[in-house]
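S.K.: My structure is in structure33.cif, and what it holds is mmCIF, C-alpha atoms and all ligand atoms; chains and numbers go by the auth columns:
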data_query
loop_
_atom_site.group_PDB
_atom_site.id
_atom_site.type_symbol
_atom_site.label_atom_id
_atom_site.label_comp_id
_atom_site.label_asym_id
_atom_site.label_seq_id
_atom_site.Cartn_x
_atom_site.Cartn_y
_atom_site.Cartn_z
_atom_site.B_iso_or_equiv
_atom_site.auth_seq_id
_atom_site.auth_asym_id
ATOM 1 C CA MET A 1 -2.505 10.898 -0.692 0.00 19 R
ATOM 2 C CA ALA A 2 -1.710 7.229 -1.274 0.00 20 R
ATOM 3 C CA PHE A 3 1.509 5.628 -0.068 0.00 21 R
ATOM 4 C CA THR A 4 3.224 2.348 -0.876 0.00 22 R
ATOM 5 C CA PRO A 5 6.041 1.506 1.537 0.00 23 R
ATOM 6 C CA THR A 6 9.480 0.861 0.035 0.00 24 R
ATOM 7 C CA ASP A 7 12.858 -0.082 1.503 0.00 25 R
ATOM 8 C CA LYS A 8 13.448 3.623 2.245 0.00 26 R
ATOM 9 C CA ASP A 9 10.427 3.896 4.515 0.00 27 R
ATOM 10 C CA ALA A 10 10.242 3.144 8.214 0.00 28 R
ATOM 11 C CA LEU A 11 7.198 2.708 10.427 0.00 29 R
ATOM 12 C CA VAL A 12 7.746 4.313 13.843 0.00 30 R
ATOM 13 C CA VAL A 13 5.457 3.020 16.607 0.00 31 R
ATOM 14 C CA VAL A 14 5.682 5.333 19.597 0.00 32 R
ATOM 15 C CA ASP A 15 5.095 4.188 23.192 0.00 33 R
ATOM 16 C CA MET A 16 2.326 1.608 22.535 0.00 34 R
ATOM 17 C CA GLN A 17 2.585 0.550 26.189 0.00 35 R
ATOM 18 C CA ASN A 18 0.123 -0.634 28.819 0.00 36 R
ATOM 19 C CA ASP A 19 0.446 2.485 30.965 0.00 37 R
ATOM 20 C CA PHE A 20 -0.790 4.663 28.077 0.00 38 R
ATOM 21 C CA CYS A 21 -3.801 2.431 27.423 0.00 39 R
ATOM 22 C CA PRO A 22 -7.121 2.267 29.322 0.00 40 R
ATOM 23 C CA GLY A 23 -6.461 0.898 32.814 0.00 41 R
ATOM 24 C CA GLY A 24 -2.860 2.160 32.757 0.00 42 R
ATOM 25 C CA ALA A 25 -1.205 4.779 34.956 0.00 43 R
ATOM 26 C CA LEU A 26 -1.301 7.527 32.298 0.00 44 R
ATOM 27 C CA ALA A 27 -4.126 6.268 30.134 0.00 45 R
ATOM 28 C CA VAL A 28 -4.623 8.064 26.832 0.00 46 R
ATOM 29 C CA PRO A 29 -8.361 8.103 25.984 0.00 47 R
ATOM 30 C CA ASP A 30 -9.000 5.205 23.594 0.00 48 R
ATOM 31 C CA GLY A 31 -5.248 4.585 23.459 0.00 49 R
ATOM 32 C CA ASP A 32 -5.667 0.901 22.665 0.00 50 R
ATOM 33 C CA ALA A 33 -7.990 1.656 19.735 0.00 51 R
ATOM 34 C CA CYS A 34 -5.037 2.272 17.413 0.00 52 R
ATOM 35 C CA VAL A 35 -3.557 -1.216 17.895 0.00 53 R
ATOM 36 C CA PRO A 36 -5.431 -2.870 14.961 0.00 54 R
ATOM 37 C CA ALA A 37 -4.377 -0.120 12.533 0.00 55 R
ATOM 38 C CA ILE A 38 -0.763 -0.341 13.725 0.00 56 R
ATOM 39 C CA ASN A 39 -0.744 -4.145 13.421 0.00 57 R
ATOM 40 C CA ARG A 40 -1.891 -3.876 9.815 0.00 58 R
ATOM 41 C CA LEU A 41 0.817 -1.302 9.105 0.00 59 R
ATOM 42 C CA ILE A 42 3.528 -3.464 10.688 0.00 60 R
ATOM 43 C CA GLY A 43 2.675 -6.080 8.066 0.00 61 R
ATOM 44 C CA LEU A 44 3.217 -3.578 5.236 0.00 62 R
ATOM 45 C CA PHE A 45 6.623 -2.135 6.201 0.00 63 R
ATOM 46 C CA ASP A 46 10.071 -3.684 5.753 0.00 64 R
ATOM 47 C CA HIS A 47 11.405 -1.573 8.608 0.00 65 R
ATOM 48 C CA VAL A 48 9.632 -1.129 11.923 0.00 66 R
ATOM 49 C CA VAL A 49 11.005 0.793 14.890 0.00 67 R
ATOM 50 C CA LEU A 50 9.306 0.862 18.291 0.00 68 R
ATOM 51 C CA THR A 51 9.913 3.357 21.054 0.00 69 R
ATOM 52 C CA GLN A 52 9.413 2.447 24.702 0.00 70 R
ATOM 53 C CA ASP A 53 9.032 5.060 27.442 0.00 71 R
ATOM 54 C CA TRP A 54 11.374 3.677 30.099 0.00 72 R
ATOM 55 C CA HIS A 55 11.691 5.637 33.312 0.00 73 R
ATOM 56 C CA PRO A 56 13.609 4.800 36.482 0.00 74 R
ATOM 57 C CA SER A 57 11.449 5.033 39.621 0.00 75 R
ATOM 58 C CA GLY A 58 11.620 8.551 41.053 0.00 76 R
ATOM 59 C CA HIS A 59 11.983 10.066 37.565 0.00 77 R
ATOM 60 C CA SER A 60 11.946 13.875 37.473 0.00 78 R
ATOM 61 C CA SER A 61 8.845 13.911 35.215 0.00 79 R
ATOM 62 C CA PHE A 62 6.795 12.213 37.952 0.00 80 R
ATOM 63 C CA ALA A 63 4.665 14.527 40.103 0.00 81 R
ATOM 64 C CA SER A 64 5.483 12.230 43.038 0.00 82 R
ATOM 65 C CA SER A 65 9.146 13.242 42.769 0.00 83 R
ATOM 66 C CA HIS A 66 8.402 16.908 43.578 0.00 84 R
ATOM 67 C CA ALA A 67 7.138 18.251 46.908 0.00 85 R
ATOM 68 C CA GLY A 68 3.662 19.620 46.207 0.00 86 R
ATOM 69 C CA GLY A 69 3.798 18.364 42.618 0.00 87 R
ATOM 70 C CA GLU A 70 0.436 17.552 41.001 0.00 88 R
ATOM 71 C CA PRO A 71 -0.048 15.258 37.996 0.00 89 R
ATOM 72 C CA PHE A 72 -0.656 17.396 34.866 0.00 90 R
ATOM 73 C CA GLY A 73 0.867 20.414 36.624 0.00 91 R
ATOM 74 C CA ALA A 74 4.335 21.648 35.745 0.00 92 R
ATOM 75 C CA VAL A 75 7.723 22.331 37.277 0.00 93 R
ATOM 76 C CA GLU A 76 10.842 24.209 36.200 0.00 94 R
ATOM 77 C CA LEU A 77 13.779 21.892 35.594 0.00 95 R
ATOM 78 C CA ALA A 78 17.301 22.861 34.492 0.00 96 R
ATOM 79 C CA TYR A 79 16.215 22.737 30.812 0.00 97 R
ATOM 80 C CA GLY A 80 12.886 24.558 31.195 0.00 98 R
ATOM 81 C CA THR A 81 9.254 23.787 31.965 0.00 99 R
ATOM 82 C CA GLN A 82 8.415 20.126 32.395 0.00 100 R
ATOM 83 C CA VAL A 83 4.835 18.812 32.634 0.00 101 R
ATOM 84 C CA LEU A 84 4.408 16.499 35.626 0.00 102 R
ATOM 85 C CA TRP A 85 2.853 13.080 35.099 0.00 103 R
ATOM 86 C CA PRO A 86 1.584 10.254 37.261 0.00 104 R
ATOM 87 C CA ASP A 87 4.288 7.604 37.779 0.00 105 R
ATOM 88 C CA HIS A 88 4.259 5.620 34.521 0.00 106 R
ATOM 89 C CA CYS A 89 6.335 3.252 32.405 0.00 107 R
ATOM 90 C CA VAL A 90 8.705 2.386 35.222 0.00 108 R
ATOM 91 C CA GLN A 91 11.493 0.137 33.957 0.00 109 R
ATOM 92 C CA GLY A 92 10.613 -3.555 34.204 0.00 110 R
ATOM 93 C CA THR A 93 6.969 -3.106 35.216 0.00 111 R
ATOM 94 C CA THR A 94 3.909 -4.463 33.418 0.00 112 R
ATOM 95 C CA GLY A 95 2.870 -0.887 32.691 0.00 113 R
ATOM 96 C CA ALA A 96 6.031 -0.400 30.665 0.00 114 R
ATOM 97 C CA GLU A 97 5.392 -3.482 28.501 0.00 115 R
ATOM 98 C CA PHE A 98 3.902 -3.174 25.042 0.00 116 R
ATOM 99 C CA HIS A 99 0.139 -3.611 24.718 0.00 117 R
ATOM 100 C CA PRO A 100 -0.465 -7.386 24.652 0.00 118 R
ATOM 101 C CA ASP A 101 -2.241 -7.226 21.268 0.00 119 R
ATOM 102 C CA LEU A 102 0.530 -5.260 19.559 0.00 120 R
ATOM 103 C CA LYS A 103 2.249 -7.474 16.983 0.00 121 R
ATOM 104 C CA TRP A 104 5.698 -6.075 17.724 0.00 122 R
ATOM 105 C CA THR A 105 7.974 -9.071 17.098 0.00 123 R
ATOM 106 C CA LYS A 106 8.969 -7.860 13.619 0.00 124 R
ATOM 107 C CA ALA A 107 10.486 -4.640 15.004 0.00 125 R
ATOM 108 C CA GLU A 108 14.153 -4.230 14.101 0.00 126 R
ATOM 109 C CA LEU A 109 14.792 -1.697 16.864 0.00 127 R
ATOM 110 C CA VAL A 110 13.239 -0.977 20.240 0.00 128 R
ATOM 111 C CA LEU A 111 14.460 2.455 21.259 0.00 129 R
ATOM 112 C CA ARG A 112 14.107 3.184 24.947 0.00 130 R
ATOM 113 C CA LYS A 113 13.860 6.771 26.126 0.00 131 R
ATOM 114 C CA GLY A 114 13.317 8.738 29.303 0.00 132 R
ATOM 115 C CA PHE A 115 15.827 6.645 31.262 0.00 133 R
ATOM 116 C CA ARG A 116 17.900 9.575 32.535 0.00 134 R
ATOM 117 C CA ALA A 117 16.564 10.487 35.972 0.00 135 R
ATOM 118 C CA GLY A 118 16.805 14.236 35.423 0.00 136 R
ATOM 119 C CA ILE A 119 15.667 14.567 31.793 0.00 137 R
ATOM 120 C CA ASP A 120 12.345 13.563 30.238 0.00 138 R
ATOM 121 C CA SER A 121 12.257 12.479 26.599 0.00 139 R
ATOM 122 C CA TYR A 122 9.081 12.848 24.589 0.00 140 R
ATOM 123 C CA SER A 123 10.818 12.808 21.222 0.00 141 R
ATOM 124 C CA ALA A 124 12.351 9.641 19.826 0.00 142 R
ATOM 125 C CA PHE A 125 15.214 11.778 18.489 0.00 143 R
ATOM 126 C CA GLN A 126 16.273 13.967 21.398 0.00 144 R
ATOM 127 C CA GLU A 127 15.492 14.413 25.072 0.00 145 R
ATOM 128 C CA ASN A 128 13.516 17.352 26.460 0.00 146 R
ATOM 129 C CA ASP A 129 16.705 19.337 27.138 0.00 147 R
ATOM 130 C CA LYS A 130 16.922 19.608 23.309 0.00 148 R
ATOM 131 C CA GLN A 131 20.607 18.659 23.552 0.00 149 R
ATOM 132 C CA THR A 132 20.856 14.970 24.358 0.00 150 R
ATOM 133 C CA LYS A 133 20.366 12.860 21.222 0.00 151 R
ATOM 134 C CA THR A 134 18.926 9.348 21.287 0.00 152 R
ATOM 135 C CA GLY A 135 20.867 8.168 18.226 0.00 153 R
ATOM 136 C CA LEU A 136 17.716 7.374 16.226 0.00 154 R
ATOM 137 C CA ALA A 137 18.449 9.845 13.417 0.00 155 R
ATOM 138 C CA GLY A 138 21.864 8.306 12.846 0.00 156 R
ATOM 139 C CA TYR A 139 20.447 4.780 12.975 0.00 157 R
ATOM 140 C CA LEU A 140 17.771 5.544 10.402 0.00 158 R
ATOM 141 C CA LYS A 141 20.105 7.474 8.087 0.00 159 R
ATOM 142 C CA GLU A 142 22.825 4.826 8.147 0.00 160 R
ATOM 143 C CA ARG A 143 20.201 2.259 7.183 0.00 161 R
ATOM 144 C CA GLY A 144 18.870 4.320 4.266 0.00 162 R
ATOM 145 C CA SER A 145 15.515 5.404 5.643 0.00 163 R
ATOM 146 C CA THR A 146 14.317 8.704 4.207 0.00 164 R
ATOM 147 C CA ARG A 147 10.608 8.699 5.039 0.00 165 R
ATOM 148 C CA LEU A 148 8.993 7.978 8.401 0.00 166 R
ATOM 149 C CA PHE A 149 5.386 7.035 9.141 0.00 167 R
ATOM 150 C CA MET A 150 4.444 7.982 12.684 0.00 168 R
ATOM 151 C CA THR A 151 1.957 6.078 14.847 0.00 169 R
ATOM 152 C CA GLY A 152 1.250 5.432 18.531 0.00 170 R
ATOM 153 C CA LEU A 153 0.823 7.444 21.722 0.00 171 R
ATOM 154 C CA ALA A 154 0.384 10.245 22.359 0.00 172 R
ATOM 155 C CA THR A 155 -0.235 12.414 19.282 0.00 173 R
ATOM 156 C CA ASP A 156 0.324 15.664 21.194 0.00 174 R
ATOM 157 C CA PHE A 157 3.415 14.584 23.149 0.00 175 R
ATOM 158 C CA CYS A 158 5.718 11.762 22.131 0.00 176 R
ATOM 159 C CA VAL A 159 4.379 11.227 18.596 0.00 177 R
ATOM 160 C CA GLY A 160 4.154 14.950 17.815 0.00 178 R
ATOM 161 C CA TRP A 161 7.571 15.868 19.192 0.00 179 R
ATOM 162 C CA SER A 162 9.088 12.912 17.322 0.00 180 R
ATOM 163 C CA ALA A 163 7.419 13.968 14.066 0.00 181 R
ATOM 164 C CA ILE A 164 8.714 17.547 14.378 0.00 182 R
ATOM 165 C CA ASP A 165 12.240 16.443 15.282 0.00 183 R
ATOM 166 C CA GLY A 166 12.140 13.952 12.404 0.00 184 R
ATOM 167 C CA ARG A 167 11.533 16.908 10.066 0.00 185 R
ATOM 168 C CA ALA A 168 14.433 18.802 11.692 0.00 186 R
ATOM 169 C CA GLU A 169 16.593 15.757 10.874 0.00 187 R
ATOM 170 C CA GLU A 170 15.444 16.106 7.247 0.00 188 R
ATOM 171 C CA PHE A 171 13.250 13.024 7.012 0.00 189 R
ATOM 172 C CA GLU A 172 9.957 13.158 5.170 0.00 190 R
ATOM 173 C CA VAL A 173 7.398 12.581 7.918 0.00 191 R
ATOM 174 C CA VAL A 174 3.833 11.303 7.554 0.00 192 R
ATOM 175 C CA LEU A 175 1.525 11.201 10.599 0.00 193 R
ATOM 176 C CA LEU A 176 -1.171 8.530 10.333 0.00 194 R
ATOM 177 C CA GLU A 177 -3.836 10.160 12.462 0.00 195 R
ATOM 178 C CA ASP A 178 -6.104 7.164 13.057 0.00 196 R
ATOM 179 C CA ALA A 179 -3.089 5.142 14.211 0.00 197 R
ATOM 180 C CA CYS A 180 -2.479 7.650 17.049 0.00 198 R
ATOM 181 C CA ARG A 181 -4.441 8.947 20.034 0.00 199 R
ATOM 182 C CA ALA A 182 -3.940 12.160 22.043 0.00 200 R
ATOM 183 C CA ILE A 183 -3.832 13.120 25.721 0.00 201 R
ATOM 184 C CA ASP A 184 -5.190 16.612 24.830 0.00 202 R
ATOM 185 C CA LEU A 185 -4.202 18.670 27.873 0.00 203 R
ATOM 186 C CA ASP A 186 -5.369 22.325 27.642 0.00 204 R
ATOM 187 C CA GLY A 187 -5.528 22.365 23.844 0.00 205 R
ATOM 188 C CA SER A 188 -2.275 20.455 23.394 0.00 206 R
ATOM 189 C CA LEU A 189 -3.629 18.419 20.468 0.00 207 R
ATOM 190 C CA ALA A 190 -4.551 21.469 18.360 0.00 208 R
ATOM 191 C CA ALA A 191 -1.223 23.117 19.224 0.00 209 R
ATOM 192 C CA ALA A 192 0.743 19.993 18.318 0.00 210 R
ATOM 193 C CA LYS A 193 -1.082 19.615 15.008 0.00 211 R
ATOM 194 C CA GLN A 194 -0.383 23.245 14.126 0.00 212 R
ATOM 195 C CA SER A 195 3.316 22.841 14.978 0.00 213 R
ATOM 196 C CA MET A 196 3.515 19.642 12.954 0.00 214 R
ATOM 197 C CA LEU A 197 1.941 21.283 9.904 0.00 215 R
ATOM 198 C CA GLU A 198 4.336 24.233 10.200 0.00 216 R
ATOM 199 C CA ALA A 199 7.237 21.772 10.345 0.00 217 R
ATOM 200 C CA GLY A 200 6.051 20.120 7.116 0.00 218 R
ATOM 201 C CA VAL A 201 4.616 16.934 8.575 0.00 219 R
ATOM 202 C CA ILE A 202 2.092 15.359 6.190 0.00 220 R
ATOM 203 C CA MET A 203 -1.222 14.442 7.826 0.00 221 R
ATOM 204 C CA SER A 204 -2.689 11.218 6.479 0.00 222 R
ATOM 205 C CA ALA A 205 -4.517 8.076 7.542 0.00 223 R
ATOM 206 C CA SER A 206 -3.555 4.418 7.741 0.00 224 R
ATOM 207 C CA ASP A 207 -5.940 3.400 4.941 0.00 225 R
ATOM 208 C CA GLU A 208 -3.871 5.570 2.587 0.00 226 R
ATOM 209 C CA VAL A 209 -1.032 3.063 3.034 0.00 227 R
ATOM 210 C CA SER A 210 -1.297 -0.059 0.911 0.00 228 R
ATOM 211 C CA PRO A 211 1.014 -2.789 -0.414 0.00 229 R
ATOM 212 C CA ALA A 212 2.626 -2.540 -3.857 0.00 230 R
HETATM 213 C C1 LIG B . 4.302 10.432 26.962 0.00 301 Y
HETATM 214 C C2 LIG B . 3.858 11.835 28.705 0.00 301 Y
HETATM 215 C C3 LIG B . 4.878 11.278 29.448 0.00 301 Y
HETATM 216 C C4 LIG B . 3.943 9.976 25.584 0.00 301 Y
HETATM 217 C C5 LIG B . 5.336 9.866 27.679 0.00 301 Y
HETATM 218 O O1 LIG B . 4.279 8.821 25.223 0.00 301 Y
HETATM 219 O O2 LIG B . 3.317 10.765 24.846 0.00 301 Y
HETATM 220 N N1 LIG B . 3.574 11.421 27.482 0.00 301 Y
HETATM 221 N N2 LIG B . 5.608 10.297 28.928 0.00 301 Y
HETATM 222 ZN ZN ZN B . 7.016 9.301 30.155 0.00 302 Y
#
Could the structure of this file be written out as structure tokens, please?
Ligand code: VGL
Ligand code: ZN

M.R.:
Amino acid sequence: MAFTPTDKDALVVVDMQNDFCPGGALAVPDGDACVPAINRLIGLFDHVVLTQDWHPSGHSSFASSHAGGEPFGAVELAYGTQVLWPDHCVQGTTGAEFHPDLKWTKAELVLRKGFRAGIDSYSAFQENDKQTKTGLAGYLKERGSTRLFMTGLATDFCVGWSAIDGRAEEFEVVLLEDACRAIDLDGSLAAAKQSMLEAGVIMSASDEVSPA
């Protein structure tokens, strides 16, 4: 399916940060490989929004914050089960900066998330407690965006949860698969794809997007 971006479309670039790229604290396999596709897309969209995972040190999603906690294990928090991660994207660190090759200067909004010590936030729209909103839906709606094109890291966590919540907020949502990479923990990529399809997310590729 071919797409031509209009003023009603927004490109959402999720967590394209050093810590999610090879050499980073929570490296997504081949995470940096989607940068060229995303850079091309940034050139095609009038509206570009970036998200930035932005945790205080000692964040509750870090295994190191829990006695006996192991990275990629899990813990029960007040809002339910939370996967534990290596310390990553700590506010102000190099790991939290955008990948140096990402051409991000055009972005109209950088939305930070995961800054509350006790609540993780995969989705760009709401935190993992499924109650606390980030404000992104209101921002996009007030500015006339109706269709979102999702890219970045990681397909099965922050990109996938954002795509599904974008549908719940009644946006059309297109996932550009080659402009994303997955962590794929215990089948999480297949599960995320299934959930996205059930939510009505359209699966496509960046070469389906071209200028008018
Ligand atoms: C992410 C795990 C922890 C992501 C962020 O960007 O997908 N995953 N924090
Ligand atoms: Zn995180």

S.K.: Counting all atoms listed in the file, which protein, DNA or RNA residues come within 8 Å of ligand ZN 302 (chain Y), given as a PyMOL selection string?

M.R.: chain R and resi 71-73+79+103+106-107+132+138-140

S.K.: Save out the residues we just selected, C-alpha atoms, as a PDB file, in the coordinates of the input.

M.R.:
ATOM      1  CA  ASP R  71       9.032   5.060  27.442  1.00  0.00           C
ATOM      2  CA  TRP R  72      11.374   3.677  30.099  1.00  0.00           C
ATOM      3  CA  HIS R  73      11.691   5.637  33.312  1.00  0.00           C
ATOM      4  CA  SER R  79       8.845  13.911  35.215  1.00  0.00           C
ATOM      5  CA  TRP R 103       2.853  13.080  35.099  1.00  0.00           C
ATOM      6  CA  HIS R 106       4.259   5.620  34.521  1.00  0.00           C
ATOM      7  CA  CYS R 107       6.335   3.252  32.405  1.00  0.00           C
ATOM      8  CA  GLY R 132      13.317   8.738  29.303  1.00  0.00           C
ATOM      9  CA  ASP R 138      12.345  13.563  30.238  1.00  0.00           C
ATOM     10  CA  SER R 139      12.257  12.479  26.599  1.00  0.00           C
ATOM     11  CA  TYR R 140       9.081  12.848  24.589  1.00  0.00           C
TER      12      TYR R 140
END

S.K.: What does the list of residues within 10 Å of ligand LIG 301 (chain Y) look like if you count only C-alpha atoms and all ligand atoms, written as an NGL selection string?

M.R.: :R and (32-35 or 37-38 or 44-46 or 69-73 or 79-80 or 90 or 100-107 or 131-132 or 138-142 or 170-180 or 199-201)

S.K.: Could you tell me how far CA of Leu154 in chain R lies from CA of Ala186 in chain R, in Å and to one decimal?

M.R.: 12.7 Å

S.K.: Around the point (4.4, -4.4, 8.1) (coordinates from the file), which residues reach within 12 Å if we count only C-alpha atoms? Answer as a PDB file with C-alpha atoms, in the coordinates of the input.

M.R.:
ATOM      1  CA  THR R  22       3.224   2.348  -0.876  1.00  0.00           C
ATOM      2  CA  PRO R  23       6.041   1.506   1.537  1.00  0.00           C
ATOM      3  CA  THR R  24       9.480   0.861   0.035  1.00  0.00           C
ATOM      4  CA  ASP R  25      12.858  -0.082   1.503  1.00  0.00           C
ATOM      5  CA  ASP R  27      10.427   3.896   4.515  1.00  0.00           C
ATOM      6  CA  ALA R  28      10.242   3.144   8.214  1.00  0.00           C
ATOM      7  CA  LEU R  29       7.198   2.708  10.427  1.00  0.00           C
ATOM      8  CA  VAL R  30       7.746   4.313  13.843  1.00  0.00           C
ATOM      9  CA  VAL R  31       5.457   3.020  16.607  1.00  0.00           C
ATOM     10  CA  ALA R  55      -4.377  -0.120  12.533  1.00  0.00           C
ATOM     11  CA  ILE R  56      -0.763  -0.341  13.725  1.00  0.00           C
ATOM     12  CA  ASN R  57      -0.744  -4.145  13.421  1.00  0.00           C
ATOM     13  CA  ARG R  58      -1.891  -3.876   9.815  1.00  0.00           C
ATOM     14  CA  LEU R  59       0.817  -1.302   9.105  1.00  0.00           C
ATOM     15  CA  ILE R  60       3.528  -3.464  10.688  1.00  0.00           C
ATOM     16  CA  GLY R  61       2.675  -6.080   8.066  1.00  0.00           C
ATOM     17  CA  LEU R  62       3.217  -3.578   5.236  1.00  0.00           C
ATOM     18  CA  PHE R  63       6.623  -2.135   6.201  1.00  0.00           C
ATOM     19  CA  ASP R  64      10.071  -3.684   5.753  1.00  0.00           C
ATOM     20  CA  HIS R  65      11.405  -1.573   8.608  1.00  0.00           C
ATOM     21  CA  VAL R  66       9.632  -1.129  11.923  1.00  0.00           C
ATOM     22  CA  VAL R  67      11.005   0.793  14.890  1.00  0.00           C
ATOM     23  CA  LYS R 121       2.249  -7.474  16.983  1.00  0.00           C
ATOM     24  CA  TRP R 122       5.698  -6.075  17.724  1.00  0.00           C
ATOM     25  CA  THR R 123       7.974  -9.071  17.098  1.00  0.00           C
ATOM     26  CA  LYS R 124       8.969  -7.860  13.619  1.00  0.00           C
ATOM     27  CA  ALA R 125      10.486  -4.640  15.004  1.00  0.00           C
ATOM     28  CA  GLU R 126      14.153  -4.230  14.101  1.00  0.00           C
ATOM     29  CA  PHE R 167       5.386   7.035   9.141  1.00  0.00           C
ATOM     30  CA  SER R 224      -3.555   4.418   7.741  1.00  0.00           C
ATOM     31  CA  VAL R 227      -1.032   3.063   3.034  1.00  0.00           C
ATOM     32  CA  SER R 228      -1.297  -0.059   0.911  1.00  0.00           C
ATOM     33  CA  PRO R 229       1.014  -2.789  -0.414  1.00  0.00           C
TER      34      PRO R 229
END

S.K.: Since I can't run it myself right now, could you work out what the PyMOL selection byres (((chain R and resi 153) around 10) and not hetatm) selects here and report it as a PyMOL selection string?

M.R.: chain R and resi 129+142-144+150-152+154-158

S.K.: Using all atoms listed in the file, find the one residue out of R:Leu207, R:Cys39, R:Ser222, R:Cys198 that sits nearest to Pro118 in chain R.

M.R.: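 When distances to Pro118 in chain R are compared using all atoms listed in the file, the smallest one comes from R:Cys39.
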
S.K.: Which of these, R:Ala210, R:Met221, R:Leu203, R:Met168, has the shortest distance to Ala92 in chain R once you count only C-alpha atoms?

M.R.: R:Leu203

S.K.: Go through R:Leu193, R:Gly113, R:Lys159, R:Leu120 one by one, measure the shortest atom-to-atom distance of each to Ala51 in chain R using all atoms listed in the file, and give the residue with the smallest value.

M.R.: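 Ranking R:Leu193, R:Gly113, R:Lys159, R:Leu120 by distance to Ala51 in chain R, first place goes to R:Leu120.
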
S.K.: Out of R:Pro40, R:Ser82, R:Asn146, R:Gly218, which residue has the shortest atom-to-atom distance to Gly184 in chain R when counting only C-alpha atoms?

M.R.: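 Counting only C-alpha atoms, the residue closest to Gly184 in chain R is R:Gly218.
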
S.K.: Between R:Glu94, R:Asp204, R:Asp50, R:Asp225, which one has atoms that come closest to His117 in chain R, using all atoms listed in the file?

M.R.: R:Asp50

S.K.: Tell me, in Å to one decimal, how far CA of Lys26 in chain R is from CA of Ile182 in chain R.

M.R.: 19.1 Å

S.K.: Draw an axis-aligned box tight on the listed atoms of range 211-216 of chain R, then pad every side by 4 Å and write out centre and edge lengths in Å to one decimal as JSON.

M.R.:
{"center_x": 1.6, "center_y": 21.9, "center_z": 12.5, "size_x": 13.4, "size_y": 12.6, "size_z": 13.1}

S.K.: Quick one: pull the distance between CA of Phe189 in chain R and CA of Ala217 in chain R, Å, one decimal.

M.R.: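 Between these atoms lies a distance of 11.1 Å.
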
S.K.: Find, counting all atoms listed in the file, the residue in R:Thr99, R:Thr164, R:Ser213, R:Gln149 that gets nearest to Glu187 in chain R.

M.R.: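 Checking each of R:Thr99, R:Thr164, R:Ser213, R:Gln149 against Glu187 in chain R, counting all atoms listed in the file, the winner is R:Thr164.
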
S.K.: Generate N, CA and C atoms for range 99-112 of chain R and emit them as a tab-separated table (two decimals), in the frame of the given file.

M.R.:
chain	number	residue	atom	x	y	z
R	99	THR	N	10.49	24.27	31.36
R	99	THR	CA	9.25	23.79	31.96
R	99	THR	C	9.01	22.33	31.59
R	100	GLN	N	8.70	21.55	32.61
R	100	GLN	CA	8.41	20.13	32.40
R	100	GLN	C	7.03	19.83	32.96
R	101	VAL	N	6.14	19.27	32.13
R	101	VAL	CA	4.84	18.81	32.63
R	101	VAL	C	5.07	17.64	33.59
R	102	LEU	N	4.30	17.60	34.66
R	102	LEU	CA	4.41	16.50	35.63
R	102	LEU	C	3.34	15.45	35.34
R	103	TRP	N	3.72	14.20	35.45
R	103	TRP	CA	2.85	13.08	35.10
R	103	TRP	C	2.70	12.15	36.29
R	104	PRO	N	1.63	11.35	36.29
R	104	PRO	CA	1.58	10.25	37.26
R	104	PRO	C	2.78	9.32	37.00
R	105	ASP	N	3.23	8.60	38.00
R	105	ASP	CA	4.29	7.60	37.78
R	105	ASP	C	3.83	6.67	36.65
R	106	HIS	N	4.65	6.46	35.67
R	106	HIS	CA	4.26	5.62	34.52
R	106	HIS	C	5.49	5.01	33.87
R	107	CYS	N	5.28	3.90	33.19
R	107	CYS	CA	6.34	3.25	32.40
R	107	CYS	C	7.64	3.12	33.18
R	108	VAL	N	7.51	2.63	34.41
R	108	VAL	CA	8.70	2.39	35.22
R	108	VAL	C	9.38	1.11	34.71
R	109	GLN	N	10.68	1.22	34.53
R	109	GLN	CA	11.49	0.14	33.96
R	109	GLN	C	11.17	-1.22	34.58
R	110	GLY	N	10.84	-2.19	33.74
R	110	GLY	CA	10.61	-3.56	34.20
R	110	GLY	C	9.22	-3.86	34.70
R	111	THR	N	8.34	-2.86	34.74
R	111	THR	CA	6.97	-3.11	35.22
R	111	THR	C	6.05	-3.52	34.06
R	112	THR	N	4.91	-4.08	34.42
R	112	THR	CA	3.91	-4.46	33.42
R	112	THR	C	3.42	-3.24	32.66
